[in-house]
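The file entry.cif contains mmCIF, C-alpha atoms:
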data_protein
loop_
_atom_site.label_atom_id
_atom_site.label_comp_id
_atom_site.auth_asym_id
_atom_site.auth_seq_id
_atom_site.Cartn_x
_atom_site.Cartn_y
_atom_site.Cartn_z
CA MET R 1 0.00 0.00 0.00
CA PRO R 2 1.52 3.29 -0.98
CA HIS R 3 2.38 5.65 1.79
CA MET R 4 -0.15 8.44 1.94
CA LEU R 5 0.39 11.82 3.50
CA HIS R 6 -2.39 12.98 5.77
CA PRO R 7 -3.91 16.24 4.48
CA ARG R 8 -2.97 17.91 7.76
CA LYS R 9 0.69 17.14 7.07
CA LEU R 10 0.39 18.71 3.65
CA LEU R 11 -1.27 21.79 4.97
CA LEU R 12 1.59 23.51 6.74
CA PRO R 13 4.13 23.25 3.89
CA ALA R 14 1.44 24.39 1.46
CA LEU R 15 0.70 27.33 3.67
CA VAL R 16 4.36 28.24 3.95
CA LEU R 17 4.65 28.10 0.15
CA LEU R 18 1.57 30.22 -0.24
CA LEU R 19 2.76 32.84 2.21
CA ALA R 20 6.14 32.85 0.51
CA ALA R 21 4.40 33.35 -2.81
CA CYS R 22 2.43 36.19 -1.28
CA GLY R 23 5.80 37.87 -0.54
CA GLY R 24 5.88 41.44 -1.76
CA GLY R 25 5.37 44.07 0.85
CA GLU R 26 5.14 46.94 -1.64
CA GLN R 27 3.52 50.12 -0.50
CA PRO R 28 0.15 50.92 -2.03
CA LYS R 29 0.29 53.25 -5.02
CA ASP R 30 -2.79 55.02 -3.80
CA THR R 31 -3.99 55.40 -0.29
CA LEU R 32 -7.44 55.58 1.15
CA GLN R 33 -7.84 58.60 3.38
CA ALA R 34 -10.69 59.21 5.74
CA PRO R 35 -12.98 61.68 3.95
CA ASN R 36 -12.57 65.37 4.75
CA ALA R 37 -14.29 65.97 8.05
CA ASP R 38 -15.71 69.25 6.77
CA SER R 39 -17.39 67.78 3.72
CA LEU R 40 -21.12 68.07 3.54
CA ALA R 41 -21.39 64.51 2.24
CA GLN R 42 -19.69 63.12 5.30
CA SER R 43 -21.74 65.11 7.78
CA GLU R 44 -24.88 63.96 5.98
CA ARG R 45 -23.65 60.37 6.06
CA GLN R 46 -22.80 60.58 9.75
CA SER R 47 -26.19 61.98 10.62
CA ARG R 48 -27.90 59.40 8.39
CA THR R 49 -25.90 56.36 9.47
CA LYS R 50 -26.78 57.13 13.06
CA LYS R 51 -30.41 56.68 12.12
CA ILE R 52 -30.47 54.55 8.97
CA PHE R 53 -28.41 51.45 8.29
CA TYR R 54 -27.94 49.55 5.08
CA SER R 55 -27.64 45.86 5.68
CA ILE R 56 -25.88 43.93 2.93
CA PRO R 57 -25.99 40.14 3.27
CA SER R 58 -22.61 38.79 4.32
CA PRO R 59 -20.64 36.52 1.95
CA MET R 60 -21.29 33.64 4.32
CA GLU R 61 -25.06 34.09 4.15
CA THR R 62 -24.93 34.34 0.35
CA ALA R 63 -22.79 31.21 0.08
CA ALA R 64 -25.17 29.31 2.37
CA LEU R 65 -28.09 30.33 0.13
CA LEU R 66 -26.22 29.09 -2.93
CA LYS R 67 -25.62 25.73 -1.31
CA LYS R 68 -29.25 25.46 -0.32
CA ALA R 69 -30.23 26.27 -3.91
CA GLY R 70 -28.39 23.17 -5.07
CA ALA R 71 -25.29 24.90 -6.36
CA SER R 72 -22.12 22.86 -6.68
CA TYR R 73 -18.56 23.83 -5.75
CA ASN R 74 -16.28 24.98 -8.53
CA GLY R 75 -12.91 26.18 -7.27
CA LYS R 76 -11.76 27.11 -10.79
CA ILE R 77 -13.98 30.17 -10.92
CA LEU R 78 -12.48 31.72 -7.77
CA ASN R 79 -9.76 34.36 -7.73
CA ASP R 80 -6.30 32.85 -8.02
CA VAL R 81 -4.36 33.09 -4.76
CA LYS R 82 -1.29 34.06 -6.78
CA ASN R 83 -2.96 37.35 -7.66
CA VAL R 84 -2.73 38.61 -4.10
CA ASP R 85 0.63 40.29 -4.59
CA THR R 86 -0.38 42.12 -7.73
CA TYR R 87 -2.70 44.38 -5.76
CA THR R 88 -0.56 47.37 -4.92
CA ALA R 89 -3.22 50.08 -4.95
CA ALA R 90 -5.12 50.37 -1.68
CA SER R 91 -8.49 50.50 -3.44
CA LYS R 92 -7.71 47.20 -5.23
CA GLN R 93 -6.51 45.69 -1.98
CA ALA R 94 -9.79 46.65 -0.29
CA LEU R 95 -11.93 45.32 -3.15
CA ASN R 96 -10.01 42.05 -3.26
CA LEU R 97 -10.20 41.69 0.49
CA GLY R 98 -13.93 41.42 -0.17
CA VAL R 99 -13.41 39.12 -3.17
CA TYR R 100 -11.17 36.71 -1.24
CA GLY R 101 -13.56 36.93 1.72
CA ALA R 102 -16.41 35.75 -0.52
CA ASP R 103 -14.23 33.00 -2.01
CA LEU R 104 -13.29 31.95 1.52
CA SER R 105 -16.96 31.77 2.53
CA TYR R 106 -17.85 29.78 -0.60
CA ALA R 107 -15.03 27.28 0.00
CA SER R 108 -15.87 26.97 3.69
CA VAL R 109 -19.61 26.50 3.28
CA PHE R 110 -18.86 23.71 0.77
CA ASN R 111 -16.35 22.26 3.21
CA HIS R 112 -13.19 22.73 1.12
CA THR R 113 -10.90 23.23 4.07
CA GLN R 114 -7.57 23.58 2.34
CA GLU R 115 -8.84 26.25 -0.03
CA SER R 116 -10.43 28.00 2.96
CA ILE R 117 -7.05 28.26 4.64
CA PHE R 118 -5.40 29.50 1.44
CA TYR R 119 -8.02 32.20 1.01
CA THR R 120 -7.71 33.17 4.66
CA SER R 121 -3.97 33.65 4.05
CA CYS R 122 -4.70 35.91 1.09
CA ALA R 123 -7.26 37.92 3.03
CA ARG R 124 -4.80 38.27 5.87
CA ARG R 125 -2.09 39.41 3.48
CA LEU R 126 -4.34 42.14 2.10
CA ALA R 127 -5.54 43.11 5.57
CA ASP R 128 -1.91 43.55 6.63
CA LYS R 129 -1.20 45.74 3.60
CA LEU R 130 -4.21 47.88 4.47
CA GLY R 131 -3.12 48.12 8.07
CA VAL R 132 -6.06 46.11 9.37
CA THR R 133 -3.77 43.95 11.43
CA SER R 134 -5.77 43.57 14.60
CA ALA R 135 -8.58 41.62 12.91
CA PHE R 136 -6.19 38.91 11.78
CA ASN R 137 -4.12 38.15 14.82
CA ASP R 138 -1.82 35.16 14.74
CA SER R 139 -4.32 32.99 16.53
CA VAL R 140 -6.78 33.04 13.59
CA MET R 141 -4.59 30.90 11.35
CA GLY R 142 -3.71 28.64 14.27
CA LEU R 143 -7.37 28.19 15.18
CA MET R 144 -8.28 27.37 11.58
CA GLU R 145 -5.59 24.77 11.36
CA GLN R 146 -6.60 23.33 14.73
CA HIS R 147 -10.29 23.06 13.75
CA GLN R 148 -9.91 22.26 10.05
CA ASN R 149 -12.04 19.15 10.38
CA ASP R 150 -14.82 20.93 12.22
CA ARG R 151 -16.85 22.79 9.59
CA GLU R 152 -19.08 24.61 12.08
CA LYS R 153 -16.10 25.84 14.08
CA MET R 154 -14.36 26.97 10.88
CA LEU R 155 -17.45 28.95 9.87
CA ASP R 156 -17.59 30.55 13.31
CA ILE R 157 -13.91 31.58 13.10
CA ILE R 158 -14.43 33.10 9.65
CA SER R 159 -17.58 34.91 10.76
CA GLU R 160 -15.82 36.34 13.78
CA THR R 161 -12.86 37.49 11.70
CA TYR R 162 -15.14 39.22 9.17
CA TRP R 163 -16.96 40.91 12.04
CA ASP R 164 -13.71 42.03 13.71
CA MET R 165 -12.36 43.41 10.43
CA ASP R 166 -15.51 45.36 9.64
CA ARG R 167 -15.60 46.62 13.22
CA TYR R 168 -11.97 47.72 13.07
CA LEU R 169 -12.50 49.63 9.81
CA LYS R 170 -15.63 51.41 10.98
CA VAL R 171 -14.27 52.29 14.39
CA ASN R 172 -11.09 53.70 12.88
CA ASP R 173 -12.83 56.01 10.40
CA ARG R 174 -11.89 53.85 7.41
CA GLU R 175 -15.43 53.24 6.33
CA ASN R 176 -14.55 53.73 2.66
CA ILE R 177 -12.34 50.62 2.90
CA SER R 178 -15.22 48.81 4.57
CA ALA R 179 -17.53 49.91 1.74
CA LEU R 180 -15.06 48.68 -0.91
CA MET R 181 -14.68 45.38 0.92
CA ILE R 182 -18.45 44.95 1.12
CA ALA R 183 -18.87 45.85 -2.58
CA GLY R 184 -16.05 43.50 -3.64
CA GLY R 185 -17.58 40.66 -1.64
CA TRP R 186 -21.06 41.30 -3.01
CA VAL R 187 -19.86 41.38 -6.63
CA GLU R 188 -17.86 38.17 -6.12
CA GLY R 189 -20.95 36.51 -4.62
CA LEU R 190 -23.02 37.45 -7.66
CA TYR R 191 -20.20 36.36 -9.97
CA ILE R 192 -20.01 32.93 -8.30
CA ALA R 193 -23.79 32.48 -8.44
CA THR R 194 -24.00 33.43 -12.13
CA GLN R 195 -21.01 31.27 -13.08
CA VAL R 196 -22.48 28.27 -11.25
CA ALA R 197 -25.81 28.95 -12.99
CA ARG R 198 -24.09 28.66 -16.39
CA THR R 199 -23.59 24.95 -15.81
CA ASN R 200 -26.54 24.38 -13.50
CA PRO R 201 -29.30 26.88 -14.37
CA SER R 202 -31.82 25.55 -11.84
CA ALA R 203 -34.98 27.52 -11.17
CA GLU R 204 -33.99 28.03 -7.53
CA LEU R 205 -30.57 29.38 -8.43
CA LYS R 206 -32.11 31.76 -10.96
CA GLN R 207 -34.53 32.89 -8.26
CA ARG R 208 -31.64 33.61 -5.86
CA ILE R 209 -29.87 35.63 -8.56
CA ALA R 210 -33.07 37.61 -9.22
CA GLU R 211 -33.47 38.28 -5.49
CA GLN R 212 -30.08 39.97 -5.40
CA LYS R 213 -31.93 42.99 -6.76
CA LEU R 214 -33.05 43.71 -3.18
CA SER R 215 -29.56 43.75 -1.67
CA LEU R 216 -28.18 45.54 -4.74
CA THR R 217 -30.58 48.40 -4.06
CA ASP R 218 -29.23 48.61 -0.51
CA LEU R 219 -25.64 48.47 -1.77
CA VAL R 220 -26.30 51.38 -4.13
CA SER R 221 -27.86 53.33 -1.24
CA LEU R 222 -24.90 52.54 1.02
CA LEU R 223 -22.37 53.73 -1.56
CA GLU R 224 -24.37 56.88 -2.22
CA THR R 225 -24.03 57.91 1.41
CA TYR R 226 -20.34 58.53 0.68
CA GLY R 227 -21.19 61.44 -1.63
CA GLU R 228 -18.47 62.20 -4.15
CA ASP R 229 -15.74 60.18 -2.42
CA GLU R 230 -13.35 59.60 -5.35
CA THR R 231 -12.18 56.19 -4.14
CA LEU R 232 -15.71 54.83 -4.47
CA LYS R 233 -16.60 56.52 -7.77
CA GLY R 234 -15.75 53.55 -10.00
CA VAL R 235 -17.45 50.99 -7.79
CA ARG R 236 -20.53 53.17 -7.52
CA ALA R 237 -20.73 53.31 -11.32
CA ASP R 238 -20.28 49.52 -11.51
CA VAL R 239 -23.12 48.70 -9.13
CA LYS R 240 -25.38 51.26 -10.78
CA ALA R 241 -24.70 49.59 -14.15
CA LEU R 242 -25.75 46.28 -12.62
CA ALA R 243 -28.81 47.90 -11.05
CA GLU R 244 -29.77 49.13 -14.50
CA LEU R 245 -29.81 45.54 -15.76
CA TYR R 246 -31.96 44.55 -12.79
CA THR R 247 -34.56 47.25 -13.46
CA GLU R 248 -36.98 44.91 -15.21
CA VAL R 249 -36.24 41.89 -13.02
CA GLN R 250 -39.13 40.69 -10.87
CA ALA R 251 -37.58 40.46 -7.40
CA GLY R 252 -40.47 39.66 -5.10
CA GLY R 253 -40.96 41.79 -2.00
CA GLY R 254 -43.94 44.05 -1.33
CA GLY R 255 -46.46 43.44 1.43
CA VAL R 256 -46.37 40.33 3.61
CA THR R 257 -48.78 38.10 5.48
CA ALA R 258 -48.01 36.31 8.72
CA THR R 259 -49.54 32.94 9.60
CA GLN R 260 -48.95 30.36 12.30
CA GLU R 261 -47.88 26.83 11.37
CA ASN R 262 -47.23 24.40 14.21
CA GLY R 263 -46.36 27.23 16.57
CA VAL R 264 -43.97 28.87 14.09
CA THR R 265 -44.68 32.25 12.53
CA VAL R 266 -44.43 32.00 8.75
CA ILE R 267 -43.99 35.17 6.75
CA GLY R 268 -45.03 35.11 3.11
CA ALA R 269 -44.89 37.85 0.50
CA GLU R 270 -48.12 38.84 -1.21
CA GLY R 271 -46.38 39.37 -4.56
CA GLU R 272 -44.99 36.81 -6.97
CA ALA R 273 -41.70 35.02 -6.41
CA ALA R 274 -38.55 36.50 -7.91
CA THR R 275 -37.68 35.42 -11.40
CA LEU R 276 -35.65 36.53 -14.37
CA THR R 277 -35.62 35.71 -18.07
CA ASP R 278 -32.77 33.93 -19.82
CA SER R 279 -31.76 37.14 -21.57
CA GLN R 280 -31.73 39.05 -18.26
CA LEU R 281 -29.63 36.29 -16.71
CA LYS R 282 -27.20 36.40 -19.63
CA ALA R 283 -26.81 40.18 -19.42
CA ILE R 284 -26.29 40.08 -15.62
CA THR R 285 -23.84 37.17 -15.93
CA GLU R 286 -21.74 39.03 -18.50
CA LYS R 287 -21.78 42.32 -16.59
CA ALA R 288 -20.92 40.66 -13.28
CA ALA R 289 -17.97 38.91 -14.96
CA THR R 290 -16.71 42.12 -16.58
CA ILE R 291 -16.86 44.05 -13.31
CA ARG R 292 -15.40 41.25 -11.23
CA ASN R 293 -12.55 40.66 -13.67
CA SER R 294 -11.72 44.36 -13.62
CA TYR R 295 -11.36 44.08 -9.82
CA ILE R 296 -9.13 41.02 -9.77
CA ASN R 297 -6.90 41.89 -12.75
CA MET D 1 -4.24 80.96 19.68
CA LEU D 2 -5.20 79.45 22.97
CA ARG D 3 -8.84 79.42 21.85
CA ILE D 4 -7.93 77.64 18.61
CA THR D 5 -5.92 75.08 20.49
CA PHE D 6 -8.72 74.55 22.97
CA ALA D 7 -11.26 74.24 20.13
CA SER D 8 -9.03 71.76 18.32
CA LEU D 9 -8.61 69.74 21.47
CA LEU D 10 -12.35 69.82 22.05
CA VAL D 11 -13.08 68.58 18.52
CA ALA D 12 -10.37 65.93 18.80
CA GLY D 13 -11.77 64.88 22.15
CA MET D 14 -15.30 64.63 20.75
CA MET D 15 -14.08 62.60 17.77
CA LEU D 16 -12.16 60.30 20.08
CA ALA D 17 -15.19 59.95 22.33
CA GLY D 18 -17.34 59.12 19.29
CA THR D 19 -14.88 56.51 18.09
CA THR D 20 -14.59 55.03 21.57
CA ALA D 21 -18.36 54.94 21.93
CA GLN D 22 -18.73 53.17 18.59
CA ALA D 23 -16.04 50.66 19.59
CA GLN D 24 -17.81 50.08 22.89
CA CYS D 25 -21.12 49.62 21.05
CA LYS D 26 -19.61 46.94 18.82
CA SER D 27 -17.99 45.21 21.77
CA PHE D 28 -21.31 45.33 23.61
CA ALA D 29 -23.08 43.80 20.60
CA LYS D 30 -20.47 41.09 20.21
CA ASN D 31 -20.33 40.12 23.87
CA LYS D 32 -23.88 40.71 25.07
CA CYS D 33 -26.09 40.39 21.98
CA VAL D 34 -24.63 37.74 19.66
CA PRO D 35 -25.01 34.94 22.26
CA GLY D 36 -28.74 35.74 22.41
CA LEU D 37 -29.10 34.75 18.75
CA ALA D 38 -28.25 31.11 19.44
CA PRO D 39 -29.18 28.60 18.04
CA TYR D 40 -29.37 30.88 14.99
CA LYS D 41 -26.16 31.84 13.21
CA PHE D 42 -25.29 35.54 13.40
CA ASN D 43 -25.42 37.09 9.91
CA GLU D 44 -22.19 39.03 10.64
CA THR D 45 -23.75 42.40 9.94
CA PHE D 46 -23.54 45.02 12.64
CA ASN D 47 -26.37 47.54 12.68
CA GLY D 48 -26.03 49.59 15.80
CA ALA D 49 -25.39 53.03 17.20
CA GLN D 50 -25.40 55.10 20.33
CA LEU D 51 -28.90 56.48 20.74
CA ALA D 52 -30.48 58.88 23.23
CA PRO D 53 -34.09 59.12 24.40
CA GLY D 54 -36.19 60.43 21.51
CA ASP D 55 -33.85 59.01 18.87
CA GLU D 56 -34.99 56.62 16.16
CA ALA D 57 -33.09 54.17 13.99
CA GLU D 58 -34.08 51.85 11.20
CA VAL D 59 -32.57 49.22 8.96
CA ALA D 60 -33.91 47.49 5.86
CA LEU D 61 -33.32 43.74 5.92
CA THR D 62 -33.70 41.10 3.24
CA PHE D 63 -35.11 37.74 4.32
CA TYR D 64 -34.74 34.81 1.93
CA SER D 65 -37.36 32.15 1.32
CA GLY D 66 -36.85 28.84 3.07
CA GLN D 67 -34.66 30.35 5.79
CA GLU D 68 -35.52 30.67 9.46
CA TYR D 69 -34.64 33.93 11.18
CA ARG D 70 -34.36 35.54 14.57
CA VAL D 71 -34.57 39.35 14.69
CA MET D 72 -33.42 40.84 17.96
CA VAL D 73 -33.04 44.38 19.26
CA CYS D 74 -30.42 44.49 21.96
CA VAL D 75 -30.21 47.58 24.18
CA HIS D 76 -27.69 48.70 26.77
CA GLN D 77 -29.35 48.81 30.18
CA ILE D 78 -28.58 52.51 30.65
CA LEU D 79 -31.30 53.30 28.09
CA GLY D 80 -33.92 51.06 29.65
CA GLU D 81 -36.40 49.37 27.33
CA VAL D 82 -37.07 50.63 23.82
CA ASN D 83 -39.90 50.28 21.32
CA TRP D 84 -39.33 48.42 18.08
CA LYS D 85 -41.31 46.99 15.23
CA LEU D 86 -40.83 44.99 12.07
CA VAL D 87 -42.78 46.43 9.14
CA ASP D 88 -43.24 45.36 5.53
CA GLN D 89 -42.79 47.57 2.48
CA ASN D 90 -46.35 48.88 2.90
CA ASN D 91 -45.54 49.89 6.50
CA LYS D 92 -47.81 47.16 7.85
CA ILE D 93 -46.65 46.03 11.29
CA VAL D 94 -45.57 42.39 11.30
CA PHE D 95 -44.21 42.38 14.84
CA GLU D 96 -44.07 44.96 17.59
CA SER D 97 -42.37 45.15 20.99
CA MET D 98 -43.22 48.09 23.22
CA ALA D 99 -41.10 49.34 26.12
CA ASP D 100 -43.84 48.58 28.69
CA ASP D 101 -44.18 44.99 27.43
CA PRO D 102 -40.82 44.16 25.85
CA LYS D 103 -40.21 41.03 23.82
CA PRO D 104 -36.57 40.12 23.33
CA ALA D 105 -36.74 38.67 19.84
CA PHE D 106 -38.98 37.62 16.96
CA ASP D 107 -38.48 34.21 15.35
CA PHE D 108 -40.05 33.33 12.05
CA LYS D 109 -39.72 31.35 8.86
CA ALA D 110 -39.67 33.18 5.53
CA ALA D 111 -41.94 31.41 3.05
CA SER D 112 -41.04 33.98 0.39
CA THR D 113 -38.13 36.32 -0.06
CA THR D 114 -39.05 39.74 1.21
CA GLN D 115 -37.61 42.96 2.48
CA MET D 116 -38.78 44.42 5.78
CA ARG D 117 -37.60 47.24 8.01
CA VAL D 118 -36.82 47.18 11.70
CA VAL D 119 -37.66 50.52 13.29
CA VAL D 120 -36.43 51.30 16.80
CA TRP D 121 -37.30 54.33 18.84
CA VAL D 122 -36.13 55.21 22.32
CA PRO D 123 -38.87 56.55 24.62
CA GLU D 124 -38.38 60.01 26.12
CA ARG D 125 -37.63 59.97 29.84
CA LYS D 126 -38.75 62.49 32.48
CA THR D 127 -35.23 63.22 33.67
CA GLU D 128 -32.76 66.05 33.23
CA MET D 129 -29.96 63.62 32.46
CA THR D 130 -29.61 62.52 28.83
CA HIS D 131 -28.21 59.04 28.57
CA LEU D 132 -26.62 57.68 25.44
CA GLY D 133 -26.70 53.93 25.06
CA CYS D 134 -25.97 51.32 22.46
CA VAL D 135 -28.84 49.88 20.45
CA ALA D 136 -28.01 46.95 18.15
CA ILE D 137 -30.34 45.40 15.60
CA MET D 138 -29.23 41.80 15.19
CA VAL D 139 -30.26 39.06 12.78
CA GLY D 140 -29.57 35.36 13.02
CA PHE D 141 -30.40 32.71 10.45
CA LYS D 142 -30.48 28.94 10.23
CA GLU D 143 -28.71 27.26 7.31
#

Can you present the structure in this file as structure tokens?
Amino acid sequence: MPHMLHPRKLLLPALVLLLAACGGGEQPKDTLQAPNADSLAQSERQSRTKKIFYSIPSPMETAALLKKAGASYNGKILNDVKNVDTYTAASKQALNLGVYGADLSYASVFNHTQESIFYTSCARRLADKLGVTSAFNDSVMGLMEQHQNDREKMLDIISETYWDMDRYLKVNDRENISALMIAGGWVEGLYIATQVARTNPSAELKQRIAEQKLSLTDLVSLLETYGEDETLKGVRADVKALAELYTEVQAGGGGVTATQENGVTVIGAEGEAATLTDSQLKAITEKAATIRNSYIN
Amino acid sequence: MLRITFASLLVAGMMLAGTTAQAQCKSFAKNKCVPGLAPYKFNETFNGAQLAPGDEAEVALTFYSGQEYRVMVCVHQILGEVNWKLVDQNNKIVFESMADDPKPAFDFKAASTTQMRVVVWVPERKTEMTHLGCVAIMVGFKE
């Protein structure tokens, strides 16, 4: 019987190789500054964010929905880990922090542990470059390695890291990085869903893609609270272009009814379920790919 | 010169206090609120702020068909109880928790994908002291 290496034994050398490949350490060509404190846009945003929040589904929630919709795992469509060192501009680093975060969630929800650890390394590398060091302390990688066979624990660690990172950015007045990270993660989530739908265009998957119209509207609103912030200008245009394609998509929503079933409250929408035509799906798939590829390349 | 320096220090102090308050609010949510979502999985999205009596906050949330959810409004004790409601896009109340009869959370199953808003408002108090306290709107889901 041939001698087989246990995956755990392969993991550490692979990780060392990956981190070595990440190398680099170049300074960002552009930097993301906290917006001018005197700007009208910021004061409006501050007064509005105190009262109104925009909740964008996390990459983990989106990945879980994909799995539930019968999607399969396809690692080939994810961003190559080797790209991590090509991101020298801070805005690209922030966007790809979101992209790798979404890839990490996708791999983890589908229980691809080794890829999860690789993507965590990439996200950590970008977080370091952006100065978001406290979210990824040394124990995160150690914990992931320790619990690599415990999917639920892995998901908890990833969730907590995402939470800590977002918290760090918002608390330290780097909300524009947080917004880029959220936008990058959302676009990657849509890209994954549309790419999976190319080979498995199930009705449920198409419905989930149509429903993204709801969170896309919130993402547009979130980005608009940043006024004319130059670092977000391109991303704002990208999501608005996607929103344009979603204009005619039936996304559900509207009024709801609440009923009781076996002691559980069940909420149902009064309108029709979300759906989109093949031509709408094709247009959204192509646009999502174009935008996503412009972020990762 | 002295006035400018004092003003600058005051602004810097206020900014620092704001940042510290926000950090404390997030820590409060993480330590005191997230455990209350169990057995639901926290959706990783923080919607929270320091509010004072009379303040109102709201967040639009998307709920996906086939998923089970827990919506919870978690309030720092310094504020006392707050009022909150879950309303649909026609402003119809789906769930309501009033300060004099508070309910900690609302659990439900979404039969269809829908967007609803959580609206929170802090009752005015008959006191000369104005307390600021953290209010977090939390969502948990089951895979």

For Ala38 (chain D), the closest of D:Val120, D:Asp107, D:Ser97, D:Thr62 counting only C-alpha atoms is D:Asp107

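Taking CA of Arg208 (chain R) and CA of Gly36 (chain D) as endpoints, the distance between them is 28.5 Å.
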
Of the listed residues R:Asp166, R:Asp80, R:Glu286, R:Glu175, that which approaches chain D most closely, counting all atoms listed in the file: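 Of R:Asp166, R:Asp80, R:Glu286, R:Glu175, the one nearest chain D, counting all atoms listed in the file, is R:Asp166.
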
Between CA of Leu51 (chain D) and CA of Asp88 (chain D), what is the spacing in Å? 23.7 Å

Pull out every residue that the PyMOL selection byres ((chain R) within 9 of (chain D)) matches in the shown coordinates and put them as an NGL selection string. :R and (49-58 or 60-61 or 64-65 or 68 or 156 or 159-160 or 162-163 or 166-168 or 170-173 or 208 or 211 or 214-215 or 218 or 251-258 or 264-270 or 272-274)

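For the pair CA of Gly184 (chain R) and CA of Val99 (chain R), the separation is 5.1 Å.
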
For the provided coordinates, the residues matched by the PyMOL selection byres ((chain R and resi 287-297) around 8) should be stated as a PDB file with C-alpha atoms, in the frame of the given file.
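Wrote part16.pdb, looks like this:
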ATOM      1  CA  ASN R  79      -9.760  34.360  -7.730  1.00  0.00           C
ATOM      2  CA  ASN R  83      -2.960  37.350  -7.660  1.00  0.00           C
ATOM      3  CA  LYS R  92      -7.710  47.200  -5.230  1.00  0.00           C
ATOM      4  CA  LEU R  95     -11.930  45.320  -3.150  1.00  0.00           C
ATOM      5  CA  ASN R  96     -10.010  42.050  -3.260  1.00  0.00           C
ATOM      6  CA  GLY R 184     -16.050  43.500  -3.640  1.00  0.00           C
ATOM      7  CA  VAL R 187     -19.860  41.380  -6.630  1.00  0.00           C
ATOM      8  CA  GLU R 188     -17.860  38.170  -6.120  1.00  0.00           C
ATOM      9  CA  LEU R 190     -23.020  37.450  -7.660  1.00  0.00           C
ATOM     10  CA  TYR R 191     -20.200  36.360  -9.970  1.00  0.00           C
ATOM     11  CA  THR R 194     -24.000  33.430 -12.130  1.00  0.00           C
ATOM     12  CA  ASP R 238     -20.280  49.520 -11.510  1.00  0.00           C
ATOM     13  CA  LEU R 242     -25.750  46.280 -12.620  1.00  0.00           C
ATOM     14  CA  ALA R 283     -26.810  40.180 -19.420  1.00  0.00           C
ATOM     15  CA  ILE R 284     -26.290  40.080 -15.620  1.00  0.00           C
ATOM     16  CA  THR R 285     -23.840  37.170 -15.930  1.00  0.00           C
ATOM     17  CA  GLU R 286     -21.740  39.030 -18.500  1.00  0.00           C
TER      18      GLU R 286
END

Padded axis-aligned box of region 125-131 of chain D (3 Å per side), centre and edge lengths, Å, one decimal, as AutoDock Vina command-line options:
--center_x -33.5 --center_y 62.5 --center_z 31.1 --size_x 16.5 --size_y 13.0 --size_z 11.1

Distance query Met181 (chain R) at most 6 Å, all atoms listed in the file, self and fewer than 6 positions along chain excluded, as number ranges by chain: R: 94-95, 97-98

Could you please take those selected residues and save C-alpha atoms as a PDB file, in the coordinates of the input?
ATOM      1  CA  ALA R  94      -9.790  46.650  -0.290  1.00  0.00           C
ATOM      2  CA  LEU R  95     -11.930  45.320  -3.150  1.00  0.00           C
ATOM      3  CA  LEU R  97     -10.200  41.690   0.490  1.00  0.00           C
ATOM      4  CA  GLY R  98     -13.930  41.420  -0.170  1.00  0.00           C
TER       5      GLY R  98
END

Can you translate the PyMOL selection byres ((chain D and resi 125) around 10) into the concrete residues it hits in this file, as a list in words?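 When the PyMOL selection byres ((chain D and resi 125) around 10) is applied to the shown file, the picked residues are Ala52, Pro53, Gly54, Leu79, Gly80, Val122, Pro123, Glu124, Lys126, Thr127, Glu128, Met129, Thr130 and His131 of chain D.
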
Identify, on the basis of all atoms listed in the file, every residue whose closest approach to Ala210 (chain R) does not exceed 8 Å; exclude the query and any residue fewer than 2 positions from it along the same chain; express the result as a PDB file with C-alpha atoms, keeping the file's coordinate frame.
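As written to disk, selection.pdb reads:
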ATOM      1  CA  LYS R 206     -32.110  31.760 -10.960  1.00  0.00           C
ATOM      2  CA  GLN R 207     -34.530  32.890  -8.260  1.00  0.00           C
ATOM      3  CA  ARG R 208     -31.640  33.610  -5.860  1.00  0.00           C
ATOM      4  CA  GLN R 212     -30.080  39.970  -5.400  1.00  0.00           C
ATOM      5  CA  LYS R 213     -31.930  42.990  -6.760  1.00  0.00           C
ATOM      6  CA  TYR R 246     -31.960  44.550 -12.790  1.00  0.00           C
ATOM      7  CA  VAL R 249     -36.240  41.890 -13.020  1.00  0.00           C
ATOM      8  CA  GLN R 250     -39.130  40.690 -10.870  1.00  0.00           C
ATOM      9  CA  ALA R 251     -37.580  40.460  -7.400  1.00  0.00           C
ATOM     10  CA  ALA R 274     -38.550  36.500  -7.910  1.00  0.00           C
ATOM     11  CA  THR R 275     -37.680  35.420 -11.400  1.00  0.00           C
ATOM     12  CA  LEU R 276     -35.650  36.530 -14.370  1.00  0.00           C
TER      13      LEU R 276
END

May I have the protein, DNA and RNA residues with an atom at most 12 Å from (-9.6, 25.0, 15.4), counting only C-alpha atoms in the file's coordinates, returned as a list in words? Thr113, Ile117, Ser139, Val140, Met141, Gly142, Leu143, Met144, Glu145, Gln146, His147, Gln148, Asn149, Asp150, Arg151, Glu152, Lys153, Met154, Leu155, Asp156, Ile157 and Ile158 of chain R

Would you mind telling me which residue in D:Met72, D:Ala105, D:Cys33, D:Val118 lies nearest to Val139 (chain D) when using all atoms listed in the file?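 Among the listed residues, D:Met72 lies closest to Val139 (chain D).
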